[in-house]
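As provided, model.pdb (PDB, C-alpha atoms and all ligand atoms) reads as follows.
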MODEL        1
ATOM      1  CA  MET A   1     -22.462  -9.097 -10.469
ATOM      2  CA  PRO A   2     -19.143  -9.684 -12.181
ATOM      3  CA  SER A   3     -17.423 -12.895 -11.316
ATOM      4  CA  THR A   4     -14.653 -12.711  -8.739
ATOM      5  CA  GLU A   5     -11.096 -13.151  -9.950
ATOM      6  CA  PHE A   6      -7.992 -14.664  -8.438
ATOM      7  CA  MET A   7      -6.770 -11.175  -7.749
ATOM      8  CA  GLU A   8      -5.759  -9.849  -4.404
ATOM      9  CA  PHE A   9      -7.611  -6.728  -3.483
ATOM     10  CA  LYS A  10      -5.423  -4.056  -1.949
ATOM     11  CA  THR A  11      -7.663  -0.989  -2.076
ATOM     12  CA  LEU A  12     -11.366  -0.306  -1.809
ATOM     13  CA  ALA A  13     -11.208   0.907  -5.396
ATOM     14  CA  ASP A  14      -9.837  -2.523  -6.461
ATOM     15  CA  ILE A  15     -12.811  -4.218  -4.865
ATOM     16  CA  GLN A  16     -15.258  -1.804  -6.418
ATOM     17  CA  GLY A  17     -13.649  -2.383  -9.775
ATOM     18  CA  HIS A  18     -14.729  -6.017  -9.526
ATOM     19  CA  PHE A  19     -17.927  -5.969  -7.540
ATOM     20  CA  ASP A  20     -20.897  -3.738  -7.494
ATOM     21  CA  ILE A  21     -20.850  -3.314  -3.710
ATOM     22  CA  ALA A  22     -24.178  -2.227  -2.231
ATOM     23  CA  LEU A  23     -22.553   0.203   0.185
ATOM     24  CA  ASP A  24     -25.748   1.188   2.006
ATOM     25  CA  LEU A  25     -27.099  -2.286   2.534
ATOM     26  CA  LEU A  26     -26.886  -4.027   5.888
ATOM     27  CA  LEU A  27     -26.255  -7.719   6.262
ATOM     28  CA  ASN A  28     -27.399  -9.934   9.104
ATOM     29  CA  LYS A  29     -27.879 -13.637   9.677
ATOM     30  CA  GLU A  30     -31.253 -13.596   7.916
ATOM     31  CA  ASN A  31     -30.171 -12.245   4.548
ATOM     32  CA  PHE A  32     -26.654 -13.802   4.558
ATOM     33  CA  SER A  33     -26.022 -16.151   1.665
ATOM     34  CA  HIS A  34     -22.300 -16.933   1.372
ATOM     35  CA  GLY A  35     -18.796 -15.498   1.547
ATOM     36  CA  VAL A  36     -17.422 -14.613  -1.897
ATOM     37  CA  TRP A  37     -13.781 -13.577  -1.526
ATOM     38  CA  PRO A  38     -11.360 -12.401   1.165
ATOM     39  CA  TYR A  39      -9.416  -9.150   0.949
ATOM     40  CA  LYS A  40      -6.631  -7.459   2.837
ATOM     41  CA  LEU A  41      -6.322  -3.772   2.088
ATOM     42  CA  TYR A  42      -3.350  -1.484   2.582
ATOM     43  CA  GLN A  43      -5.464   0.912   4.614
ATOM     44  CA  LEU A  44      -8.440   0.951   6.935
ATOM     45  CA  GLU A  45     -10.871   2.063   4.270
ATOM     46  CA  ALA A  46     -13.719  -0.429   4.233
ATOM     47  CA  SER A  47     -16.653   0.075   6.570
ATOM     48  CA  CYS A  48     -18.222  -3.082   8.009
ATOM     49  CA  GLN A  49     -21.804  -3.565   6.826
ATOM     50  CA  TYR A  50     -22.839  -6.138   9.394
ATOM     51  CA  GLU A  51     -25.953  -5.243  11.339
ATOM     52  CA  LYS A  52     -25.489  -5.469  15.111
ATOM     53  CA  LEU A  53     -28.291  -4.608  17.520
ATOM     54  CA  GLY A  54     -30.196  -2.868  14.772
ATOM     55  CA  LYS A  55     -27.221  -0.702  13.768
ATOM     56  CA  ARG A  56     -24.475  -0.888  11.208
ATOM     57  CA  CYS A  57     -21.199  -2.079  12.789
ATOM     58  CA  ALA A  58     -19.357   0.534  10.643
ATOM     59  CA  GLN A  59     -15.956  -0.559  11.930
ATOM     60  CA  GLN A  60     -13.279   0.641   9.495
ATOM     61  CA  HIS A  61     -11.108  -2.334   8.568
ATOM     62  CA  GLN A  62      -8.363  -3.651   6.279
ATOM     63  CA  LYS A  63      -9.115  -7.341   6.438
ATOM     64  CA  GLY A  64     -12.530  -8.672   5.578
ATOM     65  CA  TYR A  65     -14.751 -10.393   3.032
ATOM     66  CA  VAL A  66     -16.933  -9.622   0.116
ATOM     67  CA  VAL A  67     -20.141 -11.322   1.214
ATOM     68  CA  SER A  68     -23.225 -12.147  -0.813
ATOM     69  CA  CYS A  69     -26.758 -11.513   0.433
ATOM     70  CA  THR A  70     -29.685 -13.812  -0.388
ATOM     71  CA  ASP A  71     -30.874 -11.377  -3.083
ATOM     72  CA  GLY A  72     -27.499 -11.547  -4.814
ATOM     73  CA  SER A  73     -26.234  -8.120  -3.808
ATOM     74  CA  VAL A  74     -22.770  -7.986  -2.243
ATOM     75  CA  VAL A  75     -21.491  -6.118   0.807
ATOM     76  CA  LEU A  76     -18.233  -5.761   2.764
ATOM     77  CA  ILE A  77     -17.917  -7.368   6.184
ATOM     78  CA  GLY A  78     -14.916  -6.871   8.481
ATOM     79  CA  HIS A  79     -13.155 -10.081   9.500
ATOM     80  CA  CYS A  80     -14.226  -9.790  13.170
ATOM     81  CA  CYS A  81     -17.936  -9.748  12.428
ATOM     82  CA  ALA A  82     -17.510 -12.253   9.610
ATOM     83  CA  TYR A  83     -15.877 -14.716  11.956
ATOM     84  CA  LYS A  84     -18.010 -14.035  15.011
ATOM     85  CA  TYR A  85     -21.454 -14.004  13.427
ATOM     86  CA  LEU A  86     -21.077 -15.819  10.104
ATOM     87  CA  SER A  87     -18.227 -18.240  10.949
ATOM     88  CA  LEU A  88     -16.338 -17.073   7.855
ATOM     89  CA  ASP A  89     -12.580 -17.330   7.618
ATOM     90  CA  ASP A  90     -10.116 -17.280   4.722
ATOM     91  CA  GLU A  91     -10.052 -21.056   4.515
ATOM     92  CA  SER A  92     -13.804 -21.558   4.378
ATOM     93  CA  VAL A  93     -14.349 -18.727   1.895
ATOM     94  CA  LYS A  94     -11.560 -19.963  -0.353
ATOM     95  CA  ALA A  95     -12.809 -23.546   0.007
ATOM     96  CA  GLY A  96     -16.276 -22.394  -1.094
ATOM     97  CA  PHE A  97     -14.666 -20.761  -4.081
ATOM     98  CA  LYS A  98     -12.956 -24.033  -4.974
ATOM     99  CA  GLN A  99     -16.364 -25.709  -5.121
ATOM    100  CA  LEU A 100     -17.202 -23.660  -8.204
ATOM    101  CA  ASP A 101     -17.196 -25.896 -11.203
ATOM    102  CA  ALA A 102     -14.212 -26.135 -13.490
ATOM    103  CA  ASN A 103     -15.805 -24.115 -16.273
ATOM    104  CA  GLN A 104     -16.641 -21.309 -13.983
ATOM    105  CA  ARG A 105     -13.088 -21.231 -12.640
ATOM    106  CA  GLN A 106     -11.627 -21.286 -16.119
ATOM    107  CA  LEU A 107     -13.883 -18.365 -16.963
ATOM    108  CA  ILE A 108     -12.614 -16.488 -13.939
ATOM    109  CA  ARG A 109      -8.985 -17.139 -14.917
ATOM    110  CA  ARG A 110      -9.734 -16.030 -18.452
ATOM    111  CA  ARG A 111     -11.263 -12.778 -17.212
ATOM    112  CA  LYS A 112      -8.240 -12.123 -15.011
ATOM    113  CA  VAL A 113      -5.824 -12.728 -17.870
ATOM    114  CA  GLU A 114      -7.896 -10.631 -20.259
ATOM    115  CA  SER A 115      -8.056  -7.795 -17.806
ATOM    116  CA  LEU A 116      -4.275  -7.934 -17.241
ATOM    117  CA  LEU A 117      -3.632  -8.132 -20.964
ATOM    118  CA  LYS A 118      -5.168  -4.691 -21.365
ATOM    119  CA  LYS A 119      -1.905  -3.514 -19.790
ATOM    120  CA  ARG A 120       0.150  -5.685 -22.099
ATOM    121  CA  GLN A 121       1.740  -2.743 -23.904
ATOM    122  CA  SER A 122       2.800  -1.155 -20.642
ATOM    123  CA  TYR A 123       4.328  -4.466 -19.480
ATOM    124  CA  ILE A 124       6.249  -4.667 -22.745
ATOM    125  CA  GLU A 125       7.504  -1.101 -22.278
ATOM    126  CA  GLN A 126       8.440  -1.864 -18.680
ATOM    127  CA  GLY A 127      10.405  -4.939 -19.787
ATOM    128  CA  LYS A 128      12.212  -2.938 -22.447
ATOM    129  CA  ALA A 129      13.063  -0.098 -20.050
ATOM    130  CA  LEU A 130      14.302  -2.595 -17.467
ATOM    131  CA  HIS A 131      16.455  -4.312 -20.072
ATOM    132  CA  MET A 132      18.130  -0.995 -20.900
ATOM    133  CA  GLN A 133      18.533   0.002 -17.269
ATOM    134  CA  HIS A 134      20.132  -3.337 -16.549
ATOM    135  CA  ARG A 135      22.450  -3.033 -19.518
ATOM    136  CA  ASP A 136      23.619   0.431 -18.384
ATOM    137  CA  PHE A 137      23.993  -0.784 -14.823
ATOM    138  CA  GLN A 138      26.088  -3.707 -15.960
ATOM    139  CA  ALA A 139      28.250  -1.448 -18.133
ATOM    140  CA  ARG A 140      28.940   0.888 -15.211
ATOM    141  CA  ILE A 141      29.891  -1.997 -12.934
ATOM    142  CA  THR A 142      32.235  -3.350 -15.589
ATOM    143  CA  GLU A 143      33.798   0.077 -15.987
ATOM    144  CA  LEU A 144      34.358   0.346 -12.231
ATOM    145  CA  SER A 145      35.708  -3.154 -11.762
ATOM    146  CA  ASN A 146      38.041  -2.779 -14.734
ATOM    147  CA  ALA A 147      39.336   0.538 -13.470
ATOM    148  CA  PHE A 148      40.323  -0.624  -9.980
ATOM    149  CA  PRO A 149      43.259  -2.929  -9.208
ATOM    150  CA  ARG A 150      41.964  -6.446  -8.377
ATOM    151  CA  GLN A 151      43.194  -6.171  -4.823
ATOM    152  CA  ILE A 152      41.220  -2.987  -4.178
ATOM    153  CA  TRP A 153      38.048  -4.381  -5.725
ATOM    154  CA  GLN A 154      38.341  -7.402  -3.437
ATOM    155  CA  LYS A 155      38.892  -5.161  -0.429
ATOM    156  CA  LEU A 156      35.742  -3.225  -1.296
ATOM    157  CA  ILE A 157      33.783  -6.497  -1.411
ATOM    158  CA  ASP A 158      35.286  -7.666   1.894
ATOM    159  CA  ARG A 159      34.599  -4.383   3.600
ATOM    160  CA  TRP A 160      31.013  -4.369   2.352
ATOM    161  CA  LYS A 161      30.466  -7.920   3.601
ATOM    162  CA  MET A 162      32.030  -7.260   6.991
ATOM    163  CA  ASN A 163      30.345  -3.861   7.163
ATOM    164  CA  ARG A 164      33.786  -2.416   7.977
ATOM    165  CA  LEU A 165      33.367   0.923   6.286
ATOM    166  CA  GLU A 166      35.651   3.268   8.136
ATOM    167  CA  VAL A 167      39.057   3.832   6.573
ATOM    168  CA  VAL A 168      41.557   4.324   9.365
ATOM    169  CA  TRP A 169      45.280   4.889   9.278
ATOM    170  CA  GLU A 170      47.455   5.020  12.323
ATOM    171  CA  TYR A 171      50.292   7.433  12.950
ATOM    172  CA  GLN A 172      53.192   6.886  15.230
ATOM    173  CA  ILE A 173      54.381   9.373  17.802
ATOM    174  CA  THR A 174      57.897   8.923  19.156
ATOM    175  CA  LYS A 175      58.814  10.496  22.451
ATOM    176  CA  THR A 176      62.385  10.581  23.698
ATOM    177  CA  GLY A 177      63.544  11.495  27.175
ATOM    178  CA  THR A 178      66.007  10.518  29.806
ATOM    179  CA  GLU A 179      65.396   8.348  32.779
ATOM    180  CA  ASN A 180      68.125   7.785  35.353
ATOM    181  CA  GLY A 181      70.620   9.323  32.991
ATOM    182  CA  GLN A 182      69.665   6.901  30.223
ATOM    183  CA  LYS A 183      68.029   7.800  26.949
ATOM    184  CA  VAL A 184      64.423   6.440  26.722
ATOM    185  CA  VAL A 185      62.399   6.165  23.480
ATOM    186  CA  GLU A 186      58.667   5.594  23.609
ATOM    187  CA  ARG A 187      56.646   4.870  20.450
ATOM    188  CA  SER A 188      52.834   4.824  20.353
ATOM    189  CA  TRP A 189      50.256   4.463  17.579
ATOM    190  CA  TYR A 190      47.083   6.571  17.263
ATOM    191  CA  PRO A 191      44.177   6.233  14.837
ATOM    192  CA  SER A 192      43.180   8.823  12.250
ATOM    193  CA  SER A 193      40.073   8.363  10.116
ATOM    194  CA  TYR A 194      39.637   9.136   6.428
ATOM    195  CA  GLY A 195      35.887   8.692   6.813
ATOM    196  CA  LYS A 196      33.506   5.896   5.958
ATOM    197  CA  LEU A 197      33.173   4.320   2.561
ATOM    198  CA  ILE A 198      29.682   4.960   1.214
ATOM    199  CA  GLY A 199      27.617   3.195  -1.422
ATOM    200  CA  LEU A 200      29.095  -0.291  -1.044
ATOM    201  CA  GLY A 201      26.487  -2.959  -1.747
ATOM    202  CA  ALA A 202      25.316  -5.962  -3.682
ATOM    203  CA  TRP A 203      26.219  -4.262  -6.962
ATOM    204  CA  LEU A 204      29.854  -5.222  -6.243
ATOM    205  CA  GLU A 205      28.935  -8.853  -6.813
ATOM    206  CA  TRP A 206      26.018  -8.441  -9.180
ATOM    207  CA  ASP A 207      25.209 -11.594 -11.105
ATOM    208  CA  HIS A 208      24.702 -10.036 -14.546
ATOM    209  CA  GLN A 209      23.853 -13.191 -16.381
ATOM    210  CA  THR A 210      21.093 -14.459 -14.143
ATOM    211  CA  TYR A 211      19.257 -11.152 -14.172
ATOM    212  CA  ALA A 212      19.806 -10.423 -17.842
ATOM    213  CA  GLY A 213      18.411 -13.913 -18.529
ATOM    214  CA  GLN A 214      15.416 -13.354 -16.288
ATOM    215  CA  ILE A 215      14.562 -10.062 -17.994
ATOM    216  CA  SER A 216      15.003 -11.337 -21.513
ATOM    217  CA  ASP A 217      13.006 -14.485 -20.781
ATOM    218  CA  TYR A 218      10.152 -12.426 -19.372
ATOM    219  CA  ARG A 219      10.140 -10.184 -22.442
ATOM    220  CA  LYS A 220      10.097 -13.180 -24.785
ATOM    221  CA  GLN A 221       7.226 -14.838 -22.921
ATOM    222  CA  LEU A 222       5.207 -11.610 -23.016
ATOM    223  CA  GLU A 223       5.675 -11.341 -26.762
ATOM    224  CA  LEU A 224       4.502 -14.922 -27.151
ATOM    225  CA  ILE A 225       1.049 -14.204 -25.745
ATOM    226  CA  PRO A 226      -1.203 -13.904 -28.795
ATOM    227  CA  ALA A 227      -2.767 -10.505 -29.290
ATOM    228  CA  ASN A 228      -6.100 -11.914 -30.481
ATOM    229  CA  ASP A 229      -9.209 -11.779 -28.329
ATOM    230  CA  GLU A 230     -10.026 -15.433 -27.943
ATOM    231  CA  LEU A 231      -7.165 -17.212 -26.239
ATOM    232  CA  THR A 232      -7.248 -21.004 -26.085
ATOM    233  CA  ASN A 233      -7.059 -22.621 -22.661
ATOM    234  CA  ALA A 234      -3.384 -23.446 -23.247
ATOM    235  CA  GLU A 235      -2.710 -19.826 -24.146
ATOM    236  CA  ILE A 236      -4.504 -18.747 -20.984
ATOM    237  CA  ASP A 237      -2.184 -21.036 -18.972
ATOM    238  CA  HIS A 238       0.886 -19.529 -20.597
ATOM    239  CA  ALA A 239      -0.374 -15.959 -20.261
ATOM    240  CA  GLU A 240      -1.212 -16.496 -16.620
ATOM    241  CA  ALA A 241       2.242 -17.931 -15.854
ATOM    242  CA  THR A 242       3.903 -15.004 -17.644
ATOM    243  CA  LEU A 243       1.778 -12.365 -15.980
ATOM    244  CA  ASN A 244       2.547 -13.911 -12.614
ATOM    245  CA  ASN A 245       6.107 -12.670 -13.176
ATOM    246  CA  VAL A 246       5.056  -9.036 -13.351
ATOM    247  CA  ALA A 247       5.533  -8.689  -9.584
ATOM    248  CA  ALA A 248       9.025 -10.245  -9.723
ATOM    249  CA  ILE A 249      10.004  -7.930 -12.573
ATOM    250  CA  THR A 250       8.685  -4.903 -10.700
ATOM    251  CA  SER A 251      10.658  -5.879  -7.637
ATOM    252  CA  LEU A 252      13.802  -6.366  -9.721
ATOM    253  CA  GLU A 253      13.206  -2.885 -11.114
ATOM    254  CA  ARG A 254      13.111  -1.460  -7.586
ATOM    255  CA  GLU A 255      16.205  -3.400  -6.556
ATOM    256  CA  LEU A 256      18.113  -2.129  -9.556
ATOM    257  CA  ALA A 257      17.095   1.450  -8.794
ATOM    258  CA  ALA A 258      18.279   1.102  -5.193
ATOM    259  CA  LEU A 259      21.610  -0.411  -6.242
ATOM    260  CA  SER A 260      22.141   2.254  -8.919
ATOM    261  CA  LYS A 261      21.643   4.888  -6.253
ATOM    262  CA  MET A 262      24.278   3.175  -4.053
ATOM    263  CA  MET A 263      26.672   3.053  -6.956
ATOM    264  CA  SER A 264      26.207   6.784  -7.636
ATOM    265  CA  ASP A 265      26.994   7.472  -3.979
ATOM    266  CA  PHE A 266      30.097   5.336  -4.273
ATOM    267  CA  VAL A 267      31.457   7.236  -7.275
ATOM    268  CA  GLU A 268      31.244  10.610  -5.522
ATOM    269  CA  PRO A 269      34.816  11.958  -5.849
ATOM    270  CA  SER A 270      35.159  12.536  -2.092
ATOM    271  CA  ASN A 271      34.311   8.870  -1.532
ATOM    272  CA  LEU A 272      36.327   7.420  -4.405
ATOM    273  CA  VAL A 273      39.532   8.929  -3.075
ATOM    274  CA  ARG A 274      39.156   6.848   0.120
ATOM    275  CA  THR A 275      39.925   3.768  -1.967
ATOM    276  CA  VAL A 276      43.523   4.975  -2.243
ATOM    277  CA  GLN A 277      43.805   4.349   1.494
ATOM    278  CA  LEU A 278      42.709   0.713   1.561
ATOM    279  CA  THR A 279      46.206  -0.757   1.355
ATOM    280  CA  SER A 280      49.733   0.215   2.254
ATOM    281  CA  ASN A 281      51.114  -1.356  -0.917
ATOM    282  CA  GLN A 282      52.516   1.725  -2.663
ATOM    283  CA  ALA A 283      52.281   0.311  -6.188
ATOM    284  CA  VAL A 284      48.626  -0.637  -5.709
ATOM    285  CA  ARG A 285      47.890   2.749  -4.162
ATOM    286  CA  ALA A 286      49.447   4.452  -7.191
ATOM    287  CA  GLU A 287      47.303   2.368  -9.560
ATOM    288  CA  THR A 288      44.252   3.279  -7.494
ATOM    289  CA  VAL A 289      45.071   6.983  -7.767
ATOM    290  CA  VAL A 290      45.090   6.610 -11.544
ATOM    291  CA  ALA A 291      41.773   4.673 -11.435
ATOM    292  CA  VAL A 292      40.094   7.296  -9.280
ATOM    293  CA  HIS A 293      41.124  10.074 -11.647
ATOM    294  CA  ARG A 294      40.003   8.121 -14.658
ATOM    295  CA  LEU A 295      36.599   7.550 -13.044
ATOM    296  CA  THR A 296      36.050  11.122 -11.913
ATOM    297  CA  GLY A 297      37.413  12.566 -15.142
ATOM    298  CA  GLU A 298      39.774  14.822 -13.214
ATOM    299  CA  THR A 299      43.288  15.321 -14.535
ATOM    300  CA  LEU A 300      46.070  14.128 -12.346
ATOM    301  CA  ALA A 301      48.435  17.084 -12.244
ATOM    302  CA  MET A 302      51.281  15.109 -10.669
ATOM    303  CA  THR A 303      52.590  11.575 -10.622
ATOM    304  CA  PRO A 304      50.408   9.130  -8.686
ATOM    305  CA  GLU A 305      53.355   8.478  -6.382
ATOM    306  CA  ARG A 306      53.496  12.166  -5.549
ATOM    307  CA  PHE A 307      49.746  12.205  -4.945
ATOM    308  CA  ILE A 308      50.133   9.448  -2.340
ATOM    309  CA  ALA A 309      53.198  11.070  -0.777
ATOM    310  CA  ASP A 310      51.192  14.273  -0.316
ATOM    311  CA  ILE A 311      48.457  12.406   1.562
ATOM    312  CA  ASP A 312      51.000  10.773   3.821
ATOM    313  CA  VAL A 313      53.002  13.932   4.396
ATOM    314  CA  ALA A 314      49.847  15.846   5.316
ATOM    315  CA  LEU A 315      48.925  13.280   7.973
ATOM    316  CA  LYS A 316      52.466  13.131   9.320
ATOM    317  CA  ARG A 317      52.765  16.902   9.539
ATOM    318  CA  LYS A 318      49.417  17.303  11.230
ATOM    319  CA  HIS A 319      50.514  15.105  14.121
ATOM    320  CA  GLU A 320      54.282  15.443  13.859
ATOM    321  CA  ALA A 321      54.228  11.701  13.371
ATOM    322  CA  THR A 322      57.249   9.456  12.903
ATOM    323  CA  GLY A 323      55.400   6.652  11.100
ATOM    324  CA  LEU A 324      52.171   5.660   9.347
ATOM    325  CA  ARG A 325      50.359   2.404   8.803
ATOM    326  CA  ILE A 326      46.910   1.318   7.728
ATOM    327  CA  GLN A 327      44.721  -0.094  10.468
ATOM    328  CA  GLN A 328      44.191  -3.752   9.616
TER     329      GLN A 328
HETATM  330 ZN    ZN Q   1     -18.168  -5.389  11.888
ENDMDL
END

What is this file in structure tokens?
Amino acid sequence: MPSTEFMEFKTLADIQGHFDIALDLLLNKENFSHGVWPYKLYQLEASCQYEKLGKRCAQQHQKGYVVSCTDGSVVLIGHCCAYKYLSLDDESVKAGFKQLDANQRQLIRRRKVESLLKKRQSYIEQGKALHMQHRDFQARITELSNAFPRQIWQKLIDRWKMNRLEVVWEYQITKTGTENGQKVVERSWYPSSYGKLIGLGAWLEWDHQTYAGQISDYRKQLELIPANDELTNAEIDHAEATLNNVAAITSLERELAALSKMMSDFVEPSNLVRTVQLTSNQAVRAETVVAVHRLTGETLAMTPERFIADIDVALKRKHEATGLRIQQ
């Protein structure tokens, strides 16, 4: 039986990769020896091997224990039976594991590290790919933030944080009439939406340096793990600490992918043009028109001022409005 490792088992295949499970054997109080290691699987795929009333329990379960029989073979027991009939719980099984002597535990750590180091090259590749993804991501953010006027960039951040995504302008309708022989003027404002901003997110305030540092540090530490077979105990400590970061790096990879997707949604031309409508300051709007065209690569066939005037005129005409203002 291979020694158990500090790994968490997430699939039946994981468990079988580490233990030679006697899948047909039944366990009862008589042949029970000790709990070996707890597991919590993603799916109900382990069948309980506890013997109840002469029959296999067979309950499909996610949470349970690898349990050793008196003859040394190991079986899988669901947590209900394990607790009810064998008084096993995570604490007692893990406590039993801690009783193993120091050498044995060091051996287990060494095996874990050695098994993970078989994937060393793929971790190195992953780190390199992530470094490049992050660099591209950072470059695109810089390009966007440099293109937009400061004021607009800040408004995008504010709107993201307040989750105020809809861009609304108001138009004014003026009605005139006579009442008791006197001229009466009535002015009212009505909202008109330019749609919701899409793709705003944490990329607007991405902390480049922290993440770039995290990635580069991880890559350096990986490279520092010696490639030879026999690692010293100190090297095992270092390798273990480095490999513990694999999960963090993988989650950063996912986060970056999600934020990149948001950013691509944001730069859709139909969305970018909404940024022209985030302020009533005509000079800033004109600068934004130029930024939007630079980012989409479209040529601006008129002056930016004319571009804005056309937007405003279209809204005014549509409603025969006498005034326009952005909804604050
Ligand atoms: Zn059971």

I need every residue sitting at most 12 Å from the point (-9.1, 2.7, -2.3) (coordinates as in the file, all atoms listed in the file considered), written as a PyMOL selection string. chain A and resi 9-17+40-47+62

Keeping C-alpha atoms for every residue in the selection just given, could you write it to a file as a PDB file, in the coordinates of the input?
ATOM      1  CA  PHE A   9      -7.611  -6.728  -3.483  1.00  0.00           C
ATOM      2  CA  LYS A  10      -5.423  -4.056  -1.949  1.00  0.00           C
ATOM      3  CA  THR A  11      -7.663  -0.989  -2.076  1.00  0.00           C
ATOM      4  CA  LEU A  12     -11.366  -0.306  -1.809  1.00  0.00           C
ATOM      5  CA  ALA A  13     -11.208   0.907  -5.396  1.00  0.00           C
ATOM      6  CA  ASP A  14      -9.837  -2.523  -6.461  1.00  0.00           C
ATOM      7  CA  ILE A  15     -12.811  -4.218  -4.865  1.00  0.00           C
ATOM      8  CA  GLN A  16     -15.258  -1.804  -6.418  1.00  0.00           C
ATOM      9  CA  GLY A  17     -13.649  -2.383  -9.775  1.00  0.00           C
ATOM     10  CA  LYS A  40      -6.631  -7.459   2.837  1.00  0.00           C
ATOM     11  CA  LEU A  41      -6.322  -3.772   2.088  1.00  0.00           C
ATOM     12  CA  TYR A  42      -3.350  -1.484   2.582  1.00  0.00           C
ATOM     13  CA  GLN A  43      -5.464   0.912   4.614  1.00  0.00           C
ATOM     14  CA  LEU A  44      -8.440   0.951   6.935  1.00  0.00           C
ATOM     15  CA  GLU A  45     -10.871   2.063   4.270  1.00  0.00           C
ATOM     16  CA  ALA A  46     -13.719  -0.429   4.233  1.00  0.00           C
ATOM     17  CA  SER A  47     -16.653   0.075   6.570  1.00  0.00           C
ATOM     18  CA  GLN A  62      -8.363  -3.651   6.279  1.00  0.00           C
TER      19      GLN A  62
END

Could you build a table of the residues in chain A lying no more than 9 Å from ligand ZN 1 (chain Q), giving for each the nearest pair of atoms and their separation in Å rounded to one decimal place, using all atoms listed in the file, ordered by chain and ascending residue number, as CSV?
residue,atom,partner,partner_atom,distance
A:Ser47,CA,Q:ZN1,ZN,7.8
A:Cys48,CA,Q:ZN1,ZN,4.5
A:Gln49,CA,Q:ZN1,ZN,6.5
A:Tyr50,CA,Q:ZN1,ZN,5.3
A:Glu51,CA,Q:ZN1,ZN,7.8
A:Lys52,CA,Q:ZN1,ZN,8.0
A:Arg56,CA,Q:ZN1,ZN,7.8
A:Cys57,CA,Q:ZN1,ZN,4.6
A:Ala58,CA,Q:ZN1,ZN,6.2
A:Gln59,CA,Q:ZN1,ZN,5.3
A:Gln60,CA,Q:ZN1,ZN,8.1
A:His61,CA,Q:ZN1,ZN,8.4
A:Ile77,CA,Q:ZN1,ZN,6.0
A:Gly78,CA,Q:ZN1,ZN,4.9
A:His79,CA,Q:ZN1,ZN,7.3
A:Cys80,CA,Q:ZN1,ZN,6.0
A:Cys81,CA,Q:ZN1,ZN,4.4
A:Ala82,CA,Q:ZN1,ZN,7.3

Could you give me, as a list of chain:residue names, the residues within 10 Å of Ala147 of chain A, counting all atoms listed in the file and dropping anything in the same chain fewer than 5 positions from it? A:Ile141, A:Thr142, A:Trp153, A:Glu287, A:Thr288, A:Val290, A:Ala291, A:Val292, A:His293, A:Arg294, A:Leu295

Which residue, A:Ala309, A:Val168, A:Leu231, A:Val289, has the smallest gap to Ile326 of chain A when you use all atoms listed in the file?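 Smallest separation from Ile326 of chain A among the options: A:Val168.
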
Measuring atom to atom with all atoms listed in the file, identify which of A:Gln277, A:Asn180, A:Asn228, A:Thr70 is nearest to Ile308 of chain A. A:Gln277

Using all atoms listed in the file, which residues of segment 132-223 of chain A come within 9 Å of segment 266-273 of chain A, and what is the closest atom pair for each, with the distance in Å to one decimal? Give it as JSON lines, sorted by chain and residue number.
{"residue": "A:Leu144", "atom": "CA", "partner": "A:Val267", "partner_atom": "CA", "distance": 9.0}
{"residue": "A:Gly195", "atom": "CA", "partner": "A:Asn271", "partner_atom": "CA", "distance": 8.5}
{"residue": "A:Lys196", "atom": "CA", "partner": "A:Asn271", "partner_atom": "CA", "distance": 8.1}
{"residue": "A:Leu197", "atom": "CA", "partner": "A:Asn271", "partner_atom": "CA", "distance": 6.2}
{"residue": "A:Ile198", "atom": "CA", "partner": "A:Phe266", "partner_atom": "CA", "distance": 5.5}
{"residue": "A:Gly199", "atom": "CA", "partner": "A:Phe266", "partner_atom": "CA", "distance": 4.3}
{"residue": "A:Leu200", "atom": "CA", "partner": "A:Phe266", "partner_atom": "CA", "distance": 6.6}

Taking the file above as input, evaluate the PyMOL selection byres (((chain A and resi 131) around 12) and not hetatm) and report the hits as a list of chain:residue names.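 So the PyMOL selection byres (((chain A and resi 131) around 12) and not hetatm), applied here, picks out A:Ile124, A:Glu125, A:Gln126, A:Gly127, A:Lys128, A:Ala129, A:Leu130, A:Met132, A:Gln133, A:His134, A:Arg135, A:Asp136, A:Phe137, A:Gln138, A:His208, A:Tyr211, A:Ala212, A:Gly213, A:Gln214, A:Ile215, A:Ser216, A:Asp217, A:Tyr218, A:Arg219, A:Lys220, A:Ile249, A:Leu252, A:Glu253, A:Leu256.
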
Those selected residues, please, written with C-alpha atoms and delivered as a compact mmCIF listing (two decimals), in the coordinates of the input.
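Heads up, here's the output in selection31.txt:
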# COMPACT_ATOMS: atom_id res chain seq x y z
CA ILE A 124 6.25 -4.67 -22.74
CA GLU A 125 7.50 -1.10 -22.28
CA GLN A 126 8.44 -1.86 -18.68
CA GLY A 127 10.40 -4.94 -19.79
CA LYS A 128 12.21 -2.94 -22.45
CA ALA A 129 13.06 -0.10 -20.05
CA LEU A 130 14.30 -2.60 -17.47
CA MET A 132 18.13 -1.00 -20.90
CA GLN A 133 18.53 0.00 -17.27
CA HIS A 134 20.13 -3.34 -16.55
CA ARG A 135 22.45 -3.03 -19.52
CA ASP A 136 23.62 0.43 -18.38
CA PHE A 137 23.99 -0.78 -14.82
CA GLN A 138 26.09 -3.71 -15.96
CA HIS A 208 24.70 -10.04 -14.55
CA TYR A 211 19.26 -11.15 -14.17
CA ALA A 212 19.81 -10.42 -17.84
CA GLY A 213 18.41 -13.91 -18.53
CA GLN A 214 15.42 -13.35 -16.29
CA ILE A 215 14.56 -10.06 -17.99
CA SER A 216 15.00 -11.34 -21.51
CA ASP A 217 13.01 -14.48 -20.78
CA TYR A 218 10.15 -12.43 -19.37
CA ARG A 219 10.14 -10.18 -22.44
CA LYS A 220 10.10 -13.18 -24.78
CA ILE A 249 10.00 -7.93 -12.57
CA LEU A 252 13.80 -6.37 -9.72
CA GLU A 253 13.21 -2.88 -11.11
CA LEU A 256 18.11 -2.13 -9.56
